[in-house]
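Listing of structure_18.txt; format and content: compact mmCIF, C-alpha atoms.
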```
# COMPACT_ATOMS: atom_id res chain seq x y z
CA MET A 19 -13.69 -3.81 17.69
CA SER A 20 -17.06 -5.52 17.54
CA ALA A 21 -18.58 -7.76 14.92
CA ALA A 22 -21.17 -5.06 14.28
CA TRP A 23 -18.34 -2.74 13.31
CA VAL A 24 -17.14 -5.34 10.80
CA ALA A 25 -20.65 -5.65 9.38
CA GLU A 26 -20.77 -1.92 8.78
CA LEU A 27 -17.26 -1.90 7.34
CA ALA A 28 -18.01 -4.79 4.99
CA GLN A 29 -21.23 -3.23 3.70
CA GLN A 30 -19.53 0.11 3.20
CA HIS A 31 -16.72 -1.43 1.15
CA LEU A 32 -18.61 -4.32 -0.42
CA ASP A 33 -18.23 -3.04 -3.98
CA ALA A 34 -14.49 -2.66 -3.46
CA ALA A 35 -14.26 -6.19 -2.06
CA TYR A 36 -16.33 -7.69 -4.83
CA ASN A 37 -14.47 -5.78 -7.53
CA LEU A 38 -11.13 -7.02 -6.20
CA GLY A 39 -12.57 -10.54 -6.11
CA ARG A 40 -13.76 -10.31 -9.70
CA TRP A 41 -10.38 -9.13 -10.93
CA LEU A 42 -8.55 -11.84 -9.00
CA LEU A 43 -10.91 -14.76 -9.65
CA GLY A 44 -12.58 -13.81 -12.90
CA ASN A 45 -16.17 -14.85 -12.29
CA GLU A 46 -19.15 -13.73 -10.24
CA GLN A 47 -19.71 -16.92 -8.23
CA ASP A 48 -16.13 -17.31 -6.99
CA ALA A 49 -15.83 -13.60 -6.22
CA ALA A 50 -19.07 -13.55 -4.21
CA ASP A 51 -18.06 -16.71 -2.30
CA ALA A 52 -14.64 -15.30 -1.50
CA VAL A 53 -16.15 -12.04 -0.20
CA HIS A 54 -18.60 -14.02 1.93
CA ASP A 55 -15.74 -16.12 3.35
CA ALA A 56 -13.81 -12.94 4.02
CA TYR A 57 -16.76 -11.46 5.88
CA LEU A 58 -17.04 -14.46 8.19
CA ARG A 59 -13.30 -14.41 8.81
CA ALA A 60 -13.31 -10.66 9.49
CA ALA A 61 -16.28 -10.89 11.89
CA ARG A 62 -14.59 -13.68 13.85
CA GLY A 63 -11.31 -11.79 13.88
CA ALA A 64 -12.79 -8.39 14.69
CA ALA A 65 -11.09 -8.36 18.10
CA THR A 66 -7.70 -8.84 16.47
CA TYR A 67 -8.01 -5.67 14.40
CA ALA A 68 -4.95 -3.73 15.46
CA GLY A 69 -5.66 -0.24 14.23
CA GLY A 70 -4.59 1.36 11.01
CA ASN A 71 -6.64 1.76 7.89
CA ALA A 72 -9.85 -0.27 8.26
CA ARG A 73 -10.61 -0.47 4.53
CA ALA A 74 -7.11 -1.86 3.88
CA TRP A 75 -7.57 -4.39 6.71
CA TRP A 76 -10.85 -5.58 5.20
CA LEU A 77 -9.52 -5.75 1.63
CA ALA A 78 -6.44 -7.65 2.81
CA ILE A 79 -8.74 -10.34 4.25
CA VAL A 80 -10.76 -10.38 1.02
CA ARG A 81 -7.59 -10.79 -0.98
CA ASN A 82 -6.39 -13.66 1.20
CA CYS A 83 -9.68 -15.46 0.72
CA CYS A 84 -9.41 -14.92 -3.03
CA LEU A 85 -5.87 -16.26 -3.12
CA ALA A 86 -6.99 -19.29 -1.12
CA LYS A 87 -9.56 -19.97 -3.82
CA LEU A 88 -6.90 -19.49 -6.46
CA SER A 89 -4.46 -21.78 -4.71
CA SER A 90 -5.01 -24.50 -7.22
CA ALA A 91 -2.63 -22.93 -9.70
CA GLN A 92 -4.56 -24.87 -12.30
CA ARG A 93 -7.45 -22.45 -12.09
CA GLU A 94 -5.48 -19.33 -12.64
CA THR A 95 -3.74 -20.66 -15.69
CA ASP A 96 -7.09 -21.89 -17.04
CA TRP A 97 -8.62 -18.50 -16.52
CA ALA A 98 -5.67 -16.63 -17.96
CA ARG A 99 -5.67 -18.94 -20.96
CA SER A 100 -9.35 -18.43 -21.68
CA GLU A 101 -8.87 -14.71 -21.23
CA ALA A 102 -5.89 -14.76 -23.56
CA ALA A 103 -8.19 -16.27 -26.15
CA HIS A 104 -10.60 -13.37 -25.64
CA VAL A 105 -7.83 -10.92 -26.16
CA ALA A 106 -6.72 -12.64 -29.32
CA ALA A 107 -10.32 -12.33 -30.51
CA ALA A 108 -10.50 -8.69 -29.51
CA HIS A 109 -7.34 -7.97 -31.42
CA ALA A 110 -8.54 -9.87 -34.44
CA VAL A 111 -11.34 -7.33 -34.90
CA ALA A 112 -9.89 -4.54 -36.97
CA LEU A 113 -10.40 -1.20 -35.33
CA PRO A 114 -12.39 1.19 -37.51
CA ALA A 115 -10.01 3.76 -38.87
CA SER A 116 -12.59 6.39 -39.69
CA ALA A 117 -13.42 9.09 -37.16
CA VAL A 118 -17.07 8.75 -38.17
CA GLU A 119 -17.14 5.45 -36.32
CA GLU A 120 -15.68 6.99 -33.24
CA ARG A 121 -18.47 5.74 -31.01
CA ALA A 122 -18.06 2.13 -32.06
CA GLN A 123 -14.37 2.46 -31.69
CA SER A 124 -14.64 3.84 -28.19
CA GLU A 125 -16.78 0.87 -27.13
CA GLN A 126 -14.27 -1.46 -28.70
CA TRP A 127 -11.48 0.52 -27.12
CA ARG A 128 -13.03 0.08 -23.68
CA GLN A 129 -13.33 -3.63 -24.18
CA ARG A 130 -9.74 -3.79 -25.23
CA VAL A 131 -8.61 -1.89 -22.14
CA GLY A 132 -10.51 -4.38 -19.99
CA GLU A 133 -9.06 -7.40 -21.79
CA CYS A 134 -5.53 -6.05 -21.50
CA LEU A 135 -5.95 -5.47 -17.77
CA ARG A 136 -7.39 -8.96 -17.36
CA THR A 137 -4.38 -10.58 -18.98
CA LEU A 138 -1.79 -8.75 -16.87
CA PRO A 139 0.06 -10.99 -14.40
CA ARG A 140 -1.79 -11.03 -11.09
CA GLU A 141 0.57 -8.85 -9.05
CA PHE A 142 0.35 -6.00 -11.57
CA ARG A 143 -3.38 -6.49 -12.15
CA GLU A 144 -4.32 -6.33 -8.46
CA THR A 145 -2.09 -3.32 -7.82
CA LEU A 146 -3.60 -1.39 -10.74
CA VAL A 147 -7.15 -2.37 -9.75
CA LEU A 148 -6.61 -1.07 -6.21
CA ARG A 149 -5.08 2.17 -7.48
CA GLU A 150 -7.13 3.02 -10.57
CA LEU A 151 -10.50 1.44 -9.80
CA GLU A 152 -10.57 1.67 -6.00
CA ASP A 153 -8.49 4.83 -5.65
CA LEU A 154 -6.44 3.48 -2.75
CA SER A 155 -3.35 5.38 -1.62
CA TYR A 156 0.07 3.76 -1.94
CA ARG A 157 0.04 3.14 1.78
CA GLU A 158 -3.34 1.42 1.68
CA ILE A 159 -2.28 -0.75 -1.25
CA ALA A 160 0.90 -1.70 0.61
CA ASP A 161 -1.25 -2.73 3.58
CA VAL A 162 -3.62 -4.79 1.45
CA LEU A 163 -0.86 -6.59 -0.41
CA GLY A 164 1.48 -6.87 2.56
CA VAL A 165 4.42 -5.39 0.64
CA PRO A 166 6.53 -2.25 1.10
CA ILE A 167 5.40 0.98 -0.58
CA GLY A 168 8.42 0.81 -2.88
CA THR A 169 7.12 -2.49 -4.23
CA VAL A 170 3.71 -0.92 -4.82
CA MET A 171 5.37 1.84 -6.84
CA SER A 172 7.47 -0.51 -8.93
CA ARG A 173 4.47 -2.77 -9.62
CA LEU A 174 2.40 0.22 -10.69
CA ALA A 175 5.18 1.40 -12.98
CA ARG A 176 5.68 -2.04 -14.51
CA GLY A 177 1.95 -2.71 -14.78
CA ARG A 178 1.32 0.61 -16.49
CA ALA A 179 4.20 0.05 -18.89
CA LEU A 180 2.82 -3.41 -19.79
CA LEU A 181 -0.66 -1.97 -20.32
CA GLN A 182 0.66 0.84 -22.46
CA GLN A 183 2.54 -1.67 -24.57
CA ALA A 184 -0.50 -3.90 -24.94
CA LEU A 185 -2.73 -0.98 -25.90
CA THR A 186 -0.43 0.40 -28.60
CA PRO A 187 0.33 -2.54 -30.88
CA HIS A 188 2.38 -2.13 -34.04
CA GLY A 189 3.83 1.11 -32.73
CA GLU A 190 0.47 2.88 -33.17
CA GLU A 191 -0.43 5.75 -30.90
CA ALA A 192 -3.37 5.08 -28.60
CA PRO A 193 -6.44 7.17 -29.39
CA MET B 16 18.63 16.99 -18.93
CA SER B 17 20.16 14.70 -16.33
CA ASP B 18 17.32 15.79 -14.04
CA CYS B 19 14.83 14.08 -16.31
CA ASP B 20 15.46 10.63 -14.88
CA THR B 21 14.56 11.84 -11.41
CA PHE B 22 11.50 13.70 -12.64
CA ARG B 23 10.31 10.79 -14.79
CA ALA B 24 10.21 8.58 -11.70
CA GLN B 25 8.01 11.19 -10.02
CA LEU B 26 5.40 11.42 -12.77
CA ALA B 27 3.32 8.49 -11.54
CA PRO B 28 3.39 9.52 -7.85
CA TYR B 29 2.46 13.02 -9.04
CA LEU B 30 -0.59 11.77 -10.95
CA ASP B 31 -1.44 9.48 -8.04
CA GLY B 32 -1.44 12.43 -5.65
CA GLU B 33 1.42 10.96 -3.65
CA LEU B 34 3.97 13.71 -4.18
CA ASP B 35 4.28 16.36 -1.51
CA ARG B 36 3.65 19.96 -2.49
CA ALA B 37 7.26 21.04 -2.75
CA ASP B 38 8.20 18.14 -5.03
CA ALA B 39 5.03 18.61 -7.05
CA ARG B 40 5.85 22.27 -7.62
CA ALA B 41 9.41 21.43 -8.67
CA LEU B 42 8.07 18.81 -11.07
CA GLU B 43 5.51 21.20 -12.56
CA ALA B 44 8.22 23.79 -13.08
CA HIS B 45 10.37 21.22 -14.84
CA ILE B 46 7.51 20.01 -17.07
CA ASP B 47 6.83 23.57 -18.17
CA GLY B 48 10.22 23.62 -19.79
CA CYS B 49 10.66 19.97 -20.80
CA ALA B 50 8.59 18.65 -23.69
CA GLY B 51 9.81 15.08 -23.17
CA CYS B 52 8.65 14.84 -19.56
CA GLY B 53 5.42 16.64 -20.49
CA ALA B 54 4.71 14.04 -23.17
CA ALA B 55 5.46 11.22 -20.74
CA LEU B 56 3.00 12.73 -18.26
CA ASP B 57 0.34 13.04 -20.97
CA GLU B 58 0.84 9.41 -21.87
CA LEU B 59 0.41 8.30 -18.26
CA ASP B 60 -2.65 10.48 -17.95
CA ARG B 61 -4.14 8.96 -21.12
CA LEU B 62 -3.67 5.48 -19.73
CA ARG B 63 -5.28 6.49 -16.46
CA ARG B 64 -8.28 7.95 -18.29
CA ALA B 65 -8.53 4.85 -20.45
CA LEU B 66 -8.68 2.67 -17.32
CA ARG B 67 -11.13 4.89 -15.51
CA ASP B 68 -13.41 5.49 -18.48
CA ALA B 69 -13.72 1.84 -19.42
CA ASN B 70 -16.32 1.00 -16.74
CA LEU B 71 -14.12 -1.76 -15.40
CA ARG B 72 -15.32 -1.62 -11.82
CA HIS B 73 -17.67 -4.41 -10.83
CA THR B 74 -20.32 -3.60 -8.25
CA ALA B 75 -21.44 -6.16 -5.71
CA PRO B 76 -24.58 -8.05 -6.76
CA PRO B 77 -27.57 -7.35 -4.49
CA ALA B 78 -27.70 -11.05 -3.64
CA LEU B 79 -24.23 -10.88 -2.10
CA ARG B 80 -25.16 -7.80 -0.09
CA ALA B 81 -28.24 -9.59 1.21
CA ARG B 82 -26.28 -12.74 1.97
CA ILE B 83 -23.86 -10.83 4.15
CA ALA B 84 -26.56 -8.78 5.85
CA ALA B 85 -28.37 -12.02 6.75
CA GLU B 86 -25.28 -13.51 8.38
CA PRO B 87 -25.76 -13.66 12.17
CA LEU B 88 -23.10 -11.69 14.01
CA PRO B 89 -20.84 -13.80 16.20
CA LEU B 90 -20.55 -12.65 19.81
CA PRO B 91 -17.32 -10.89 20.60
CA ALA B 92 -14.80 -13.37 21.94
CA ARG B 93 -13.78 -11.13 24.81
CA ARG B 94 -14.27 -7.62 26.02
CA ARG B 95 -11.34 -5.56 24.90
CA VAL B 96 -9.96 -2.99 27.25
CA PRO B 97 -9.54 0.15 25.17
CA SER B 98 -5.85 0.58 24.63
CA ALA B 99 -3.48 1.58 21.91
CA PRO B 100 -2.97 -1.09 19.27
CA ALA B 101 0.05 -3.15 20.19
CA TRP B 102 1.86 -2.36 16.96
CA LEU B 103 1.56 1.34 17.60
CA ARG B 104 3.32 0.85 20.92
CA TYR B 105 5.97 -1.21 19.16
CA ALA B 106 6.34 1.49 16.54
CA ALA B 107 6.83 4.11 19.22
CA CYS B 108 9.29 1.88 21.09
CA ALA B 109 11.20 1.16 17.91
CA LEU B 110 11.45 4.84 17.11
CA LEU B 111 12.58 5.65 20.61
CA ALA B 112 15.15 2.88 20.55
CA PHE B 113 16.31 3.92 17.10
CA GLY B 114 17.22 7.38 18.23
CA ALA B 115 18.30 6.28 21.68
CA GLY B 116 21.32 8.56 21.70
CA ALA B 117 19.19 11.64 21.28
CA LEU B 118 16.06 10.52 22.98
CA ALA B 119 15.41 10.28 26.66
CA MET B 120 13.01 7.57 27.71
CA ARG B 121 10.89 8.67 30.58
CA GLU B 122 8.38 7.04 32.80
CA ARG B 123 4.83 7.91 31.97
CA ALA B 124 2.19 8.22 34.59
CA PRO B 125 -0.56 5.72 33.94
CA GLY B 126 -3.93 7.13 33.02
CA ALA B 127 -5.99 8.33 30.12
CA GLN B 128 -3.98 11.46 29.47
CA ALA B 129 -0.66 9.59 29.49
CA GLN B 130 -2.12 7.05 27.10
CA LEU B 131 -3.27 9.82 24.77
CA GLU B 132 0.14 11.48 24.91
CA HIS B 133 1.84 8.22 24.15
CA ASP B 134 -0.47 7.43 21.23
CA ALA B 135 -0.31 10.95 19.79
CA PHE B 136 3.49 10.95 19.71
CA ALA B 137 3.52 7.44 18.24
CA SER B 138 1.01 8.39 15.57
CA HIS B 139 2.93 11.53 14.64
CA TRP B 140 6.24 9.71 14.32
CA ARG B 141 4.73 6.85 12.42
CA ALA B 142 3.17 9.33 9.98
CA LEU B 143 6.51 11.10 9.55
CA ALA B 144 8.23 7.79 8.84
CA ALA B 145 5.61 6.85 6.23
CA ALA B 146 5.84 7.94 2.62
CA THR B 147 3.06 10.42 3.23
CA PRO B 148 1.61 11.59 6.54
CA VAL B 149 -1.92 11.70 5.15
CA ASP B 150 -4.51 9.29 3.76
CA VAL B 151 -6.41 11.98 1.93
CA VAL B 152 -4.34 14.62 0.21
CA SER B 153 -5.78 18.04 -0.06
CA SER B 154 -5.44 21.67 0.58
CA ASP B 155 -9.15 22.00 0.15
CA ARG B 156 -11.69 21.39 2.88
CA HIS B 157 -14.23 20.32 0.28
CA THR B 158 -12.40 17.04 -0.20
CA VAL B 159 -11.00 16.52 3.30
CA LYS B 160 -14.23 17.09 5.21
CA PRO B 161 -16.38 14.61 3.23
CA TRP B 162 -13.56 12.10 3.48
CA PHE B 163 -13.87 12.13 7.25
CA ALA B 164 -17.65 11.87 7.22
CA GLY B 165 -18.68 8.30 7.90
CA LYS B 166 -15.18 7.29 8.99
CA VAL B 167 -15.32 8.85 12.41
CA ALA B 168 -18.10 9.82 14.79
CA GLN B 169 -17.07 13.46 14.86
CA ALA B 170 -16.02 15.11 11.62
CA PRO B 171 -13.73 17.98 12.50
CA VAL B 172 -13.90 21.58 11.36
CA VAL B 173 -11.59 21.65 8.33
CA ARG B 174 -9.95 24.88 7.28
CA ASP B 175 -6.95 25.65 5.14
CA PHE B 176 -4.66 28.38 6.46
CA ALA B 177 -2.29 28.49 3.50
CA ASP B 178 -2.55 32.27 3.36
CA GLN B 179 -1.39 32.49 6.95
CA GLY B 180 1.51 30.09 6.36
CA PHE B 181 -0.17 26.90 7.55
CA PRO B 182 -1.38 25.02 4.45
CA LEU B 183 -3.63 22.04 5.11
CA VAL B 184 -1.86 18.98 3.72
CA GLY B 185 -4.70 16.55 4.27
CA GLY B 186 -6.09 14.16 6.83
CA ARG B 187 -5.88 10.67 8.17
CA ILE B 188 -7.58 8.51 10.76
CA ASP B 189 -5.66 7.17 13.72
CA TYR B 190 -6.17 5.57 17.08
CA LEU B 191 -5.76 7.49 20.30
CA GLY B 192 -6.59 5.82 23.57
CA GLY B 193 -8.53 3.16 21.67
CA ALA B 194 -10.75 5.64 19.82
CA ARG B 195 -10.72 6.36 16.09
CA VAL B 196 -9.94 10.02 15.75
CA PRO B 197 -9.58 12.32 12.75
CA VAL B 198 -6.16 13.90 12.29
CA LEU B 199 -5.78 17.14 10.35
CA VAL B 200 -2.28 17.55 8.98
CA TYR B 201 -0.89 21.03 8.45
CA ARG B 202 2.49 22.06 7.17
CA HIS B 203 4.46 25.06 8.35
CA GLY B 204 7.73 25.51 6.49
CA GLN B 205 9.39 22.14 6.73
CA HIS B 206 7.39 21.14 9.80
CA VAL B 207 4.45 18.77 9.87
CA ILE B 208 1.77 19.58 12.43
CA ASP B 209 -0.79 16.97 13.45
CA VAL B 210 -4.07 18.11 14.96
CA PHE B 211 -5.87 15.19 16.61
CA VAL B 212 -9.54 15.97 17.11
CA LEU B 213 -10.50 14.13 20.31
CA PRO B 214 -13.95 12.83 21.22
CA SER B 215 -16.01 15.22 23.32
CA GLY B 216 -15.57 14.48 26.98
CA SER B 217 -12.03 13.21 26.62
CA ALA B 218 -10.28 13.23 29.96
CA THR B 219 -7.68 15.79 28.99
CA HIS B 220 -6.53 18.99 30.61
CA ALA B 221 -6.66 21.82 28.12
CA GLY B 222 -3.40 23.70 28.31
CA ALA B 223 -1.41 20.66 29.40
CA SER B 224 1.62 19.86 27.31
CA ALA B 225 4.31 17.24 27.01
CA GLN B 226 7.68 17.01 25.34
CA ASP B 227 9.35 14.06 23.77
CA ALA B 228 12.41 13.91 21.57
CA GLY B 229 12.11 17.53 20.56
CA TYR B 230 8.43 17.21 19.74
CA THR B 231 5.78 19.08 21.65
CA LEU B 232 2.29 17.91 22.38
CA ARG B 233 -0.33 20.39 23.51
CA PHE B 234 -3.83 19.69 24.65
CA VAL B 235 -6.19 22.48 23.64
CA THR B 236 -9.87 23.16 23.20
CA LEU B 237 -10.82 24.23 19.69
CA GLY B 238 -14.33 25.53 19.29
CA GLY B 239 -15.39 23.53 22.33
CA GLN B 240 -13.80 20.35 20.98
CA PRO B 241 -10.84 18.84 22.83
CA ALA B 242 -7.81 18.38 20.60
CA ALA B 243 -4.18 17.38 20.81
CA ILE B 244 -1.53 19.01 18.64
CA VAL B 245 1.87 17.45 17.97
CA ALA B 246 4.65 19.28 16.19
CA ASP B 247 8.28 20.26 16.37
CA THR B 248 7.64 23.92 15.62
CA ASP B 249 8.26 26.81 18.00
CA ALA B 250 5.67 27.31 20.70
CA SER B 251 4.89 30.76 19.27
CA GLU B 252 4.25 29.35 15.77
CA LEU B 253 2.05 26.65 17.23
CA ALA B 254 0.11 29.28 19.17
CA LYS B 255 -0.57 31.06 15.86
CA LEU B 256 -2.11 27.95 14.34
CA ILE B 257 -4.13 27.29 17.47
CA ALA B 258 -5.48 30.84 17.34
CA LEU B 259 -6.34 30.42 13.63
CA ILE B 260 -8.24 27.18 14.20
CA GLU B 261 -9.90 28.58 17.28
CA SER B 262 -11.19 31.63 15.43
CA ALA B 263 -12.32 29.50 12.46
CA SER B 264 -14.13 27.04 14.76
CA SER B 265 -16.04 29.67 16.62
CA SER B 266 -16.98 31.68 13.55
```
Produce structure tokens that represent the structure in this file.
Amino acid sequence: MSAAWVAELAQQHLDAAYNLGRWLLGNEQDAADAVHDAYLRAARGAATYAGGNARAWWLAIVRNCCLAKLSSAQRETDWARSEAAHVAAAHAVALPASAVEERAQSEQWRQRVGECLRTLPREFRETLVLRELEDLSYREIADVLGVPIGTVMSRLARGRALLQQALTPHGEEAP
Amino acid sequence: MSDCDTFRAQLAPYLDGELDRADARALEAHIDGCAGCGAALDELDRLRRALRDANLRHTAPPALRARIAAEPLPLPARRRVPSAPAWLRYAACALLAFGAGALAMRERAPGAQAQLEHDAFASHWRALAAATPVDVVSSDRHTVKPWFAGKVAQAPVVRDFADQGFPLVGGRIDYLGGARVPVLVYRHGQHVIDVFVLPSGSATHAGASAQDAGYTLRFVTLGGQPAAIVADTDASELAKLIALIESASSS
């Protein structure tokens, strides 16, 4: 495989790469840098591409570059902590009960969904992002994460259960 | 109600499109009569819609796109001889070794056709061993065909022959003889049939066939396009599918 092939692959799946980076690293600058690193690594390693799903190969490299950036465990906890504060704030705002304010509620609801996803532990967050936002198959996700498909399924199940819990506080039913 | 535990575990794969048709039908039949499992499915579906409707996907900033486009391409380190990926060969070897009692290893003549045979069998077995033999699930050419576009040089003619007993399960991309080729996956009864659409000008002999471990590979020409078909169905059943594709391709 040639470097030109990698260039095409990276451009085609740049949104997917950047989105994964944002959900792993939390901010635009780090995500963009990680994707750029991943591109250089992929272009150099193009000859080592050993077949299989190309998008999964590319996203696996992106993820590795993101994790390298995360390696200072400090950062992740900092980010999670600041995000936890956001969530606390989001929860502090009382949701409008009236159906008349449905529009406002739906905007607030969306924000809350985002905050809840952000505060999930990384392994559940990345699995859900690849499935729900990138629409990857179980097999592709397994390739990106380097885990068996069974692990993908159990992480999805656990991640979804955690999200459902977070989105229905006080035993309320989600709208 | 003891079935519910089994069905509950299938709800997520069902929503994720990872359940095969037979299991999906069984699940749907169960849900029709089980309010509890139906409610659990609704709940999962609500969560999915919440995630997808919340505009959570970030798109790459134009600056990043430009940065990457401006990056000079490194020269390839070495010229690669087109060959099957090493891990595919290992996968095939592992499968052969695994069933050594039943399988007969045989010498393969070197050459393009032997390489294609080798890769096609390996791809088929690897797909059978995977959770699902397809990367895009569909019985509808309107989702399979666009999926191929842009992934491979030659998008194949995609037709569903469910009415004739050969439903189209979906498609995947695999490597044959070093080339990325589209694979159409059909089902016939319990059998999975892989149709590898080969690049025009492939050095194959239409009509040639090979056997390995009870699986048959046939090289054919479908609407002028060389193809390789791997399956463990009867030769007569396979001939039916070939005739169906042939007539659809030329129409």
Open item on the list: Considering all atoms listed in the file, can you say which of B:Phe211, B:Leu183, B:Ala142, B:Glu43 comes closest to His157 of chain B?
Closed with: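 For His157 of chain B, the nearest of the candidates is B:Leu183.
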- [ ] Compute the set of chain B residues within 6 Å of chain A, using only C-alpha atoms, and express it as JSON, numbers by chain.
- [x] {"B": [69, 73, 74, 75, 100]}
Task: Straight-line distance linking atom CA of Ala27 of chain B with atom CA of Asn70 of chain B, stated in Å to one decimal - done: 21.7 Å
Task: Point-to-point distance from atom CA of Asp209 of chain B to atom CA of Ala246 of chain B, Å rounded to tenths - done: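 Atom CA of Ala246 of chain B lies 6.5 Å from atom CA of Asp209 of chain B.
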TODO: Kindly extract all protein, DNA and RNA residues lying within 12 Å of the coordinates (-3.8, 35.8, 8.0) given in the file, considering only C-alpha atoms, and supply them as an MDAnalysis selection string.
DONE: chainID B and resid 175:182 255:256 258:260 262:263
Open item on the list: What's the separation between atom CA of Thr21 of chain B and atom CA of His206 of chain B, in Å to one decimal place?
Closed with: 24.2 Å
